[in-house]
file target.txt (compact mmCIF, C-alpha atoms and all ligand atoms)
# COMPACT_ATOMS: atom_id res chain seq x y z
CA MET A 225 2.52 1.09 -26.57
CA THR A 226 -0.93 -0.47 -26.53
CA ALA A 227 -0.58 -2.95 -23.68
CA PHE A 228 -3.74 -1.62 -22.01
CA GLN A 229 -5.76 -0.72 -25.12
CA GLY A 230 -9.47 -1.03 -24.34
CA LYS A 231 -8.86 -1.28 -20.60
CA SER A 232 -10.58 0.98 -18.10
CA VAL A 233 -8.35 2.23 -15.27
CA LEU A 234 -9.24 4.31 -12.20
CA VAL A 235 -6.43 5.84 -10.13
CA LEU A 236 -7.50 7.26 -6.76
CA GLY A 237 -5.15 10.18 -6.05
CA GLY A 238 -3.59 10.82 -9.45
CA SER A 239 -2.93 14.54 -9.69
CA ARG A 240 0.69 14.58 -8.47
CA GLY A 241 3.72 12.44 -7.63
CA ILE A 242 3.50 8.66 -7.89
CA GLY A 243 -0.18 8.78 -8.85
CA ALA A 244 0.50 11.13 -11.77
CA ALA A 245 3.26 8.81 -13.02
CA ILE A 246 0.79 5.92 -12.88
CA VAL A 247 -1.78 7.94 -14.85
CA ARG A 248 0.86 8.80 -17.47
CA ARG A 249 1.97 5.17 -17.75
CA PHE A 250 -1.50 3.71 -18.27
CA ALA A 251 -2.49 6.50 -20.67
CA ALA A 252 0.70 5.97 -22.68
CA ASP A 253 -0.08 2.25 -22.79
CA GLY A 254 -3.48 2.90 -24.35
CA ALA A 255 -5.86 2.64 -21.38
CA THR A 256 -8.89 4.82 -20.75
CA VAL A 257 -7.85 6.48 -17.50
CA THR A 258 -9.87 8.35 -14.90
CA PHE A 259 -8.15 9.73 -11.83
CA THR A 260 -9.28 11.50 -8.67
CA TYR A 261 -7.79 14.41 -6.81
CA ALA A 262 -8.73 16.49 -3.78
CA GLY A 263 -6.80 19.75 -3.58
CA SER A 264 -4.66 20.13 -6.71
CA ALA A 265 -7.21 21.16 -9.34
CA GLU A 266 -4.69 22.96 -11.54
CA ALA A 267 -2.25 20.03 -11.63
CA ALA A 268 -5.14 17.63 -12.24
CA GLN A 269 -6.49 19.58 -15.20
CA ALA A 270 -3.01 19.92 -16.71
CA LEU A 271 -2.39 16.18 -16.38
CA ALA A 272 -5.77 15.35 -17.89
CA ALA A 273 -5.05 17.60 -20.87
CA GLU A 274 -1.54 16.15 -21.27
CA THR A 275 -2.60 12.51 -21.15
CA GLY A 276 -6.17 12.51 -22.46
CA SER A 277 -7.36 11.14 -19.13
CA THR A 278 -10.32 12.34 -17.06
CA ALA A 279 -9.83 14.15 -13.75
CA VAL A 280 -12.60 14.08 -11.14
CA VAL A 281 -12.62 15.61 -7.69
CA THR A 282 -13.20 13.03 -4.94
CA ASP A 283 -11.90 13.36 -1.39
CA SER A 284 -10.59 9.99 -0.26
CA ALA A 285 -11.45 10.98 3.32
CA ASP A 286 -15.13 10.80 2.33
CA ARG A 287 -16.06 7.11 2.30
CA ASP A 288 -19.39 7.49 0.52
CA ALA A 289 -17.88 9.74 -2.16
CA VAL A 290 -15.14 7.17 -2.80
CA ILE A 291 -17.65 4.32 -3.10
CA ALA A 292 -19.84 6.37 -5.44
CA ARG A 293 -16.87 7.32 -7.62
CA VAL A 294 -15.73 3.71 -7.98
CA ARG A 295 -19.27 2.58 -8.75
CA GLU A 296 -19.82 5.28 -11.38
CA SER A 297 -16.45 4.57 -13.01
CA GLY A 298 -17.11 0.85 -13.30
CA PRO A 299 -16.77 -1.74 -14.56
CA LEU A 300 -13.04 -1.27 -14.08
CA ASP A 301 -10.31 -3.52 -15.42
CA VAL A 302 -7.77 -1.91 -13.08
CA LEU A 303 -8.18 0.00 -9.81
CA VAL A 304 -5.11 1.71 -8.35
CA VAL A 305 -5.46 3.20 -4.87
CA ASN A 306 -2.61 5.66 -4.55
CA ALA A 307 -3.98 8.54 -2.44
CA GLY A 308 -2.25 8.61 0.90
CA ILE A 309 -1.03 11.11 3.47
CA ALA A 310 1.49 11.13 6.29
CA VAL A 311 1.22 12.98 9.59
CA PHE A 312 4.51 13.56 11.41
CA GLY A 313 5.01 14.35 15.07
CA ASP A 314 4.83 13.28 18.68
CA ALA A 315 2.04 10.73 19.06
CA LEU A 316 1.26 12.17 22.49
CA GLU A 317 0.59 15.61 21.03
CA GLN A 318 -1.33 14.75 17.87
CA ASP A 319 -4.97 15.70 17.31
CA PRO A 320 -7.00 12.46 17.17
CA ASP A 321 -9.23 13.92 14.45
CA VAL A 322 -6.19 14.45 12.23
CA ILE A 323 -5.06 10.88 12.85
CA ASP A 324 -8.53 9.50 12.15
CA ARG A 325 -8.61 11.41 8.84
CA LEU A 326 -5.31 9.73 7.92
CA PHE A 327 -6.90 6.35 8.63
CA ARG A 328 -9.92 7.25 6.47
CA ILE A 329 -7.68 8.15 3.52
CA ASN A 330 -4.98 5.49 3.94
CA VAL A 331 -7.01 2.52 5.18
CA HIS A 332 -10.79 2.96 4.91
CA ALA A 333 -10.74 4.27 1.33
CA PRO A 334 -8.52 1.43 0.00
CA TYR A 335 -10.80 -1.14 1.63
CA HIS A 336 -14.11 0.30 0.46
CA ALA A 337 -12.80 1.18 -3.02
CA SER A 338 -11.42 -2.32 -3.51
CA VAL A 339 -14.65 -3.99 -2.46
CA GLU A 340 -16.78 -1.67 -4.57
CA ALA A 341 -14.54 -2.14 -7.63
CA ALA A 342 -14.78 -5.92 -7.32
CA ARG A 343 -18.58 -5.82 -7.59
CA GLN A 344 -18.44 -4.98 -11.29
CA MET A 345 -14.89 -6.06 -12.15
CA PRO A 346 -14.57 -8.69 -14.90
CA GLU A 347 -12.45 -11.82 -14.62
CA GLY A 348 -8.79 -10.84 -14.88
CA GLY A 349 -9.38 -7.58 -12.99
CA ARG A 350 -6.55 -6.00 -11.04
CA ILE A 351 -6.53 -4.07 -7.78
CA ILE A 352 -3.25 -2.43 -6.80
CA VAL A 353 -2.80 -0.46 -3.60
CA ILE A 354 0.17 1.79 -2.89
CA GLY A 355 1.49 0.92 0.55
CA SER A 356 4.97 1.69 1.83
CA VAL A 357 8.10 -0.05 3.00
CA ASN A 358 7.12 1.58 6.31
CA GLY A 359 4.52 -1.17 6.52
CA ASP A 360 7.50 -3.47 7.13
CA ARG A 361 10.04 -1.17 8.74
CA MET A 362 9.71 2.11 10.64
CA PRO A 363 13.19 3.34 11.59
CA VAL A 364 12.21 6.84 12.79
CA ALA A 365 9.93 8.26 15.50
CA GLY A 366 6.80 10.29 14.85
CA MET A 367 5.18 8.21 12.11
CA ALA A 368 3.34 5.43 13.93
CA SER A 369 -0.04 6.30 12.40
CA TYR A 370 1.44 6.17 8.91
CA ALA A 371 3.22 2.85 9.59
CA LEU A 372 0.03 1.38 11.03
CA SER A 373 -1.95 2.46 7.99
CA LYS A 374 0.51 0.91 5.55
CA SER A 375 0.77 -2.35 7.54
CA ALA A 376 -3.02 -2.54 7.44
CA LEU A 377 -2.90 -2.70 3.64
CA GLN A 378 -0.99 -5.98 3.90
CA GLY A 379 -3.98 -7.56 5.66
CA LEU A 380 -6.30 -5.99 3.11
CA ALA A 381 -4.46 -7.64 0.21
CA ARG A 382 -4.10 -11.01 1.91
CA GLY A 383 -7.78 -11.13 2.84
CA LEU A 384 -9.35 -9.81 -0.35
CA ALA A 385 -7.08 -12.04 -2.45
CA ARG A 386 -9.01 -14.94 -0.90
CA ASP A 387 -12.38 -13.29 -1.53
CA PHE A 388 -11.77 -12.35 -5.17
CA GLY A 389 -9.28 -15.00 -6.32
CA PRO A 390 -11.96 -17.44 -7.43
CA ARG A 391 -13.12 -14.77 -9.93
CA GLY A 392 -9.60 -14.30 -11.32
CA ILE A 393 -9.25 -10.86 -9.71
CA THR A 394 -5.89 -10.12 -8.10
CA ILE A 395 -5.03 -7.61 -5.37
CA ASN A 396 -1.49 -6.56 -4.54
CA VAL A 397 0.36 -3.93 -2.53
CA VAL A 398 3.26 -1.96 -4.00
CA GLN A 399 5.55 -0.80 -1.19
CA PRO A 400 7.85 2.07 -2.22
CA GLY A 401 10.78 3.33 -0.26
CA PRO A 402 11.74 7.02 -0.55
CA ILE A 403 10.41 8.32 -3.87
CA ASP A 404 11.12 11.84 -5.14
CA THR A 405 7.74 13.62 -4.92
CA ASP A 406 6.28 16.70 -3.23
CA ALA A 407 5.69 14.53 -0.15
CA ASN A 408 9.32 13.37 0.03
CA PRO A 409 11.53 15.57 -2.16
CA GLU A 410 15.01 14.28 -2.80
CA ASP A 411 16.42 17.76 -2.14
CA GLY A 412 14.55 18.04 1.18
CA PRO A 413 15.90 18.06 4.76
CA MET A 414 15.44 14.27 5.15
CA LYS A 415 17.77 13.42 2.26
CA ASP A 416 20.85 12.32 4.22
CA LEU A 417 18.86 10.37 6.79
CA MET A 418 16.85 8.62 4.07
CA HIS A 419 19.89 7.78 2.01
CA SER A 420 21.69 6.37 5.06
CA PHE A 421 19.11 3.54 5.06
CA LEU A 422 19.51 2.77 1.34
CA ALA A 423 21.78 0.45 -0.62
CA ILE A 424 21.09 2.52 -3.75
CA LYS A 425 21.93 6.04 -2.62
CA ARG A 426 19.17 7.99 -4.28
CA HIS A 427 15.43 8.45 -4.06
CA GLY A 428 13.38 6.31 -6.39
CA ARG A 429 11.50 7.90 -9.28
CA PRO A 430 7.71 7.90 -9.57
CA GLU A 431 8.09 6.29 -13.02
CA GLU A 432 9.88 3.31 -11.44
CA VAL A 433 6.89 2.71 -9.17
CA ALA A 434 4.52 3.13 -12.13
CA GLY A 435 6.47 0.44 -13.99
CA MET A 436 5.89 -2.05 -11.18
CA VAL A 437 2.19 -1.14 -11.08
CA ALA A 438 1.90 -1.67 -14.84
CA TRP A 439 3.49 -5.10 -14.58
CA LEU A 440 1.11 -6.12 -11.79
CA ALA A 441 -1.81 -4.89 -13.93
CA GLY A 442 -0.68 -6.82 -16.98
CA PRO A 443 -1.23 -10.36 -18.25
CA GLU A 444 2.07 -11.75 -16.90
CA ALA A 445 0.96 -11.16 -13.29
CA GLY A 446 -2.21 -13.26 -13.29
CA PHE A 447 -0.83 -15.66 -10.67
CA VAL A 448 0.42 -12.86 -8.38
CA THR A 449 -2.03 -11.94 -5.63
CA GLY A 450 -2.25 -11.23 -1.91
CA ALA A 451 1.39 -10.15 -2.00
CA MET A 452 3.60 -7.17 -1.14
CA HIS A 453 5.97 -5.84 -3.80
CA THR A 454 8.72 -3.69 -2.35
CA ILE A 455 10.58 -1.14 -4.48
CA ASP A 456 12.82 0.62 -2.01
CA GLY A 457 16.55 0.58 -2.82
CA ALA A 458 16.90 -1.88 0.09
CA PHE A 459 15.51 0.59 2.68
CA GLY A 460 13.79 -2.35 4.37
CA ALA A 461 16.50 -4.94 3.83
P1 LIG B 1 2.12 13.34 -2.96
O1 LIG B 1 1.77 14.06 -1.70
O2 LIG B 1 3.22 13.86 -3.82
O3 LIG B 1 0.79 13.14 -3.85
C1 LIG B 1 -0.33 12.60 -3.23
C2 LIG B 1 -1.43 12.38 -4.24
O4 LIG B 1 -2.56 11.82 -3.55
C3 LIG B 1 -1.88 13.66 -4.88
O5 LIG B 1 -2.28 13.42 -6.20
C4 LIG B 1 -3.08 14.05 -4.01
O6 LIG B 1 -4.04 14.80 -4.70
C5 LIG B 1 -3.65 12.70 -3.66
N1 LIG B 1 -4.40 12.78 -2.42
C6 LIG B 1 -3.94 13.05 -1.18
N2 LIG B 1 -4.95 13.11 -0.31
C7 LIG B 1 -6.08 12.89 -1.03
C8 LIG B 1 -7.45 12.84 -0.70
N3 LIG B 1 -7.90 13.06 0.54
N4 LIG B 1 -8.33 12.56 -1.69
C9 LIG B 1 -7.90 12.36 -2.96
N5 LIG B 1 -6.63 12.42 -3.33
C10 LIG B 1 -5.72 12.68 -2.37
O7 LIG B 1 2.44 11.84 -2.49
P2 LIG B 1 3.34 10.69 -3.16
O8 LIG B 1 3.16 10.69 -4.62
O9 LIG B 1 4.69 10.79 -2.59
O10 LIG B 1 2.66 9.40 -2.50
C11 LIG B 1 1.67 8.65 -3.16
C12 LIG B 1 1.44 7.36 -2.38
O11 LIG B 1 2.68 6.67 -2.25
C13 LIG B 1 0.90 7.58 -0.97
O12 LIG B 1 0.01 6.55 -0.64
C14 LIG B 1 2.16 7.46 -0.12
O13 LIG B 1 1.88 7.06 1.19
C15 LIG B 1 2.91 6.40 -0.90
N6 LIG B 1 4.35 6.39 -0.65
C16 LIG B 1 5.13 7.47 -0.99
C17 LIG B 1 6.49 7.43 -0.73
C18 LIG B 1 7.41 8.56 -1.05
O14 LIG B 1 8.57 8.52 -0.59
N7 LIG B 1 7.01 9.56 -1.84
C19 LIG B 1 7.11 6.25 -0.10
C20 LIG B 1 6.20 5.19 0.20
C21 LIG B 1 4.87 5.27 -0.07
P3 LIG B 1 -4.36 16.35 -4.36
O15 LIG B 1 -3.06 17.08 -4.28
O16 LIG B 1 -5.22 16.75 -5.50
O17 LIG B 1 -5.10 16.35 -3.08

call {"tool": "encode", "arguments": {"input": "target.txt", "output": "structure tokens"}}
result
Amino acid sequence: MTAFQGKSVLVLGGSRGIGAAIVRRFAADGATVTFTYAGSAEAAQALAAETGSTAVVTDSADRDAVIARVRESGPLDVLVVNAGIAVFGDALEQDPDVIDRLFRINVHAPYHASVEAARQMPEGGRIIVIGSVNGDRMPVAGMASYALSKSALQGLARGLARDFGPRGITINVVQPGPIDTDANPEDGPMKDLMHSFLAIKRHGRPEEVAGMVAWLAGPEAGFVTGAMHTIDGAFGA
């Protein structure tokens, strides 16, 4: 496939899971792909070798490093902000520094990366942020910080769609439900609880999320912006 031949794509958080599937999809479709990682150097190097993409270390908790990475990688045709973490536990017991780091990765980095990317992005550029169905629905305790961070991305997309729309740049949020990755393995202890919320009784696959991202990045989606795109087996229905 050559759907993205000649296109420059940056994926923030691409070494594993959903991000790695997105890297594979764009590389297979002919794009020139750069992706960031923080801790998984071995996985990142293996993925880069497999796909012909470029892996660069950039901690999404470091605002200035994220901005510099986006600037140096530009001009980008497509920015995908995938890096995200969850912190589980009693809100009354959690370390505020740990929660603030989650907000830096899940909220501050998407905002600053999106704005920085738009500075150099050509007309027709695409910004896609990986949110979560938990931005719409949070059926369990202990994940308020995560839910807050994913809801915040909805405001990000709605607002920046207005700022960048006149230049033909779109920004959208993809909101997965349970997807089989290291962060949420289908064979993990949460399986039965997760599946009880689903109409389709399985975890989603990272490749399914990557397919939605590729569509949003492609020419058919030029009129789609400021919107949330849920892929969740009816978790949120
Ligand atoms: P994984 O934990 O499996 O992978 C996370 C990826 O993000 C890794 O490549 C990791 O790189 C990178 N990453 C994490 N923290 C940082 C950081 N500080 N700086 C740079 N990169 C970082 O997660 P998933 O693939 O499951 O999740 C990806 C996204 O999808 C997240 O935003 C998550 O919230 C969202 N999501 C996931 C769902 C699921 O069920 N799996 C459901 C809904 C949303 P490294 O290991 O190198 O640090």

call {"tool": "residues_around", "arguments": {"input": "target.txt", "residues": "A:Ala227", "least_positions_apart": "2", "cutoff": "12 Å", "atoms": "only C-alpha atoms", "output": "PyMOL selection string"}}
result
chain A and resi 225+229-231+249-256+438-439+441-444

call {"tool": "residues_around", "arguments": {"input": "target.txt", "residues": "A:Pro402", "least_positions_apart": "4", "cutoff": "9 Å", "atoms": "only C-alpha atoms", "output": "compact mmCIF listing (two decimals) with C-alpha atoms, in the frame of the given file"}}
result
# COMPACT_ATOMS: atom_id res chain seq x y z
CA SER A 356 4.97 1.69 1.83
CA VAL A 357 8.10 -0.05 3.00
CA ASN A 408 9.32 13.37 0.03
CA PRO A 409 11.53 15.57 -2.16
CA GLU A 410 15.01 14.28 -2.80
CA MET A 418 16.85 8.62 4.07
CA HIS A 419 19.89 7.78 2.01
CA ARG A 426 19.17 7.99 -4.28
CA HIS A 427 15.43 8.45 -4.06
CA GLY A 428 13.38 6.31 -6.39
CA ARG A 429 11.50 7.90 -9.28
CA ASP A 456 12.82 0.62 -2.01
CA GLY A 457 16.55 0.58 -2.82
CA PHE A 459 15.51 0.59 2.68

call {"tool": "atom_distance", "arguments": {"input": "target.txt", "atom1": "atom CA of A:Leu372", "atom2": "atom CA of A:Asn358"}}
result
8.5 Å

call {"tool": "residues_near_ligand", "arguments": {"input": "target.txt", "ligand": "ligand LIG 1 (chain B)", "cutoff": "8 Å", "atoms": "all atoms listed in the file", "output": "number ranges by chain"}}
result
A: 236-244, 260-265, 267-268, 281-286, 305-310, 329-330, 354-358, 370, 374, 399-409, 427-428, 430

call {"tool": "residues_around", "arguments": {"input": "target.txt", "residues": "A:Arg350", "least_positions_apart": "4", "cutoff": "7 Å", "atoms": "all atoms listed in the file", "output": "list in words"}}
result
Asp301, Val302, Leu303, Ile393, Thr394, Ile395 and Ala441 of chain A

call {"tool": "residues_around", "arguments": {"input": "target.txt", "residues": "A:Gly450", "least_positions_apart": "2", "cutoff": "8 Å", "atoms": "all atoms listed in the file", "output": "list of chain:residue names"}}
result
A:Gln378, A:Ala381, A:Arg382, A:Gly383, A:Leu384, A:Ala385, A:Arg386, A:Thr394, A:Ile395, A:Asn396, A:Val397, A:Val448, A:Met452

call {"tool": "residues_around", "arguments": {"input": "target.txt", "residues": "A:Ala368", "least_positions_apart": "3", "cutoff": "12 Å", "atoms": "all atoms listed in the file", "output": "list in words"}}
result
Ala310, Val311, Phe312, Gly313, Asp314, Ala315, Leu316, Gln318, Ile323, Leu326, Phe327, Asn358, Gly359, Asp360, Arg361, Met362, Pro363, Val364, Ala365, Ala371, Leu372, Ser373, Lys374 and Ser375 of chain A

call {"tool": "atom_distance", "arguments": {"input": "target.txt", "atom1": "atom CA of A:Asp416", "atom2": "atom CA of A:Ile246"}}
result
27.1 Å

call {"tool": "atom_distance", "arguments": {"input": "target.txt", "atom1": "atom CA of A:Gln269", "atom2": "atom CA of A:Ile455"}}
result
28.9 Å

call {"tool": "closest_residue", "arguments": {"input": "target.txt", "among": "A:Gly412, A:Pro334, A:Pro320, A:Gly389", "to": "A:Val235", "atoms": "only C-alpha atoms"}}
result
A:Pro334

call {"tool": "axis_aligned_box", "arguments": {"input": "target.txt", "around": "stretch 390-396 of chain A", "padding_each_side": "3 Å", "output": "lines of an AutoDock Vina configuration file"}}
result
center_x = -7.3
center_y = -12.0
center_z = -7.9
size_x = 17.6
size_y = 16.9
size_z = 12.8

call {"tool": "closest_residue", "arguments": {"input": "target.txt", "among": "A:Pro346, A:Val322, A:Leu380, A:Val304", "to": "A:Leu440", "atoms": "all atoms listed in the file"}}
result
A:Val304

call {"tool": "decode", "arguments": {"input": "target.txt", "residues": "stretch 234-305 of chain A", "atoms": "C-alpha atoms", "output": "short mmCIF file (atom, residue, chain, number, x, y, z; two decimals), in the first residue's frame"}}
result
data_model
loop_
_atom_site.label_atom_id
_atom_site.label_comp_id
_atom_site.auth_asym_id
_atom_site.auth_seq_id
_atom_site.Cartn_x
_atom_site.Cartn_y
_atom_site.Cartn_z
CA LEU A 234 5.39 11.49 13.94
CA VAL A 235 3.92 9.13 16.56
CA LEU A 236 4.53 10.17 20.18
CA GLY A 237 4.75 6.94 22.18
CA GLY A 238 5.23 4.32 19.48
CA SER A 239 7.40 1.59 20.94
CA ARG A 240 4.65 -0.77 22.15
CA GLY A 241 0.93 -1.53 22.05
CA ILE A 242 -1.41 0.75 20.12
CA GLY A 243 1.40 3.13 19.20
CA ALA A 244 3.48 0.34 17.66
CA ALA A 245 0.48 -0.77 15.59
CA ILE A 246 0.09 2.80 14.35
CA VAL A 247 3.79 2.94 13.41
CA ARG A 248 3.46 -0.37 11.53
CA ARG A 249 0.34 0.82 9.69
CA PHE A 250 1.81 4.11 8.47
CA ALA A 251 5.12 2.48 7.54
CA ALA A 252 3.29 -0.25 5.60
CA ASP A 253 1.31 2.48 3.83
CA GLY A 254 4.49 4.16 2.62
CA ALA A 255 4.94 7.03 5.09
CA THR A 256 8.22 8.23 6.53
CA VAL A 257 7.63 7.51 10.21
CA THR A 258 9.41 8.77 13.31
CA PHE A 259 8.25 7.63 16.73
CA THR A 260 9.20 8.45 20.31
CA TYR A 261 9.61 6.23 23.31
CA ALA A 262 10.68 6.67 26.92
CA GLY A 263 11.57 3.39 28.62
CA SER A 264 11.41 0.59 26.04
CA ALA A 265 14.62 1.07 24.07
CA GLU A 266 14.89 -2.55 22.98
CA ALA A 267 11.31 -2.72 21.67
CA ALA A 268 11.77 0.66 19.97
CA GLN A 269 14.94 -0.39 18.15
CA ALA A 270 13.35 -3.68 17.05
CA LEU A 271 10.29 -1.87 15.71
CA ALA A 272 12.43 0.68 13.88
CA ALA A 273 14.43 -2.11 12.24
CA GLU A 274 11.25 -4.03 11.34
CA THR A 275 9.44 -1.08 9.79
CA GLY A 276 12.21 1.19 8.51
CA SER A 277 11.01 3.93 10.85
CA THR A 278 13.12 6.10 13.15
CA ALA A 279 12.98 5.73 16.93
CA VAL A 280 13.92 8.66 19.15
CA VAL A 281 13.89 8.87 22.92
CA THR A 282 11.64 11.68 24.21
CA ASP A 283 9.88 11.63 27.57
CA SER A 284 6.36 12.95 27.12
CA ALA A 285 6.46 14.15 30.74
CA ASP A 286 9.09 16.71 29.66
CA ARG A 287 7.20 19.54 27.96
CA ASP A 288 10.21 21.26 26.43
CA ALA A 289 11.60 17.98 25.09
CA VAL A 290 8.25 17.21 23.45
CA ILE A 291 8.05 20.65 21.84
CA ALA A 292 11.64 20.37 20.59
CA ARG A 293 11.01 16.91 19.16
CA VAL A 294 7.93 18.03 17.26
CA ARG A 295 9.73 21.11 15.96
CA GLU A 296 12.77 19.12 14.80
CA SER A 297 10.58 16.49 13.12
CA GLY A 298 8.57 19.05 11.19
CA PRO A 299 6.99 19.91 8.91
CA LEU A 300 4.69 16.98 9.67
CA ASP A 301 1.79 15.82 7.54
CA VAL A 302 0.46 13.72 10.43
CA LEU A 303 0.99 13.94 14.19
CA VAL A 304 -0.33 11.10 16.35
CA VAL A 305 -0.18 11.59 20.12
#
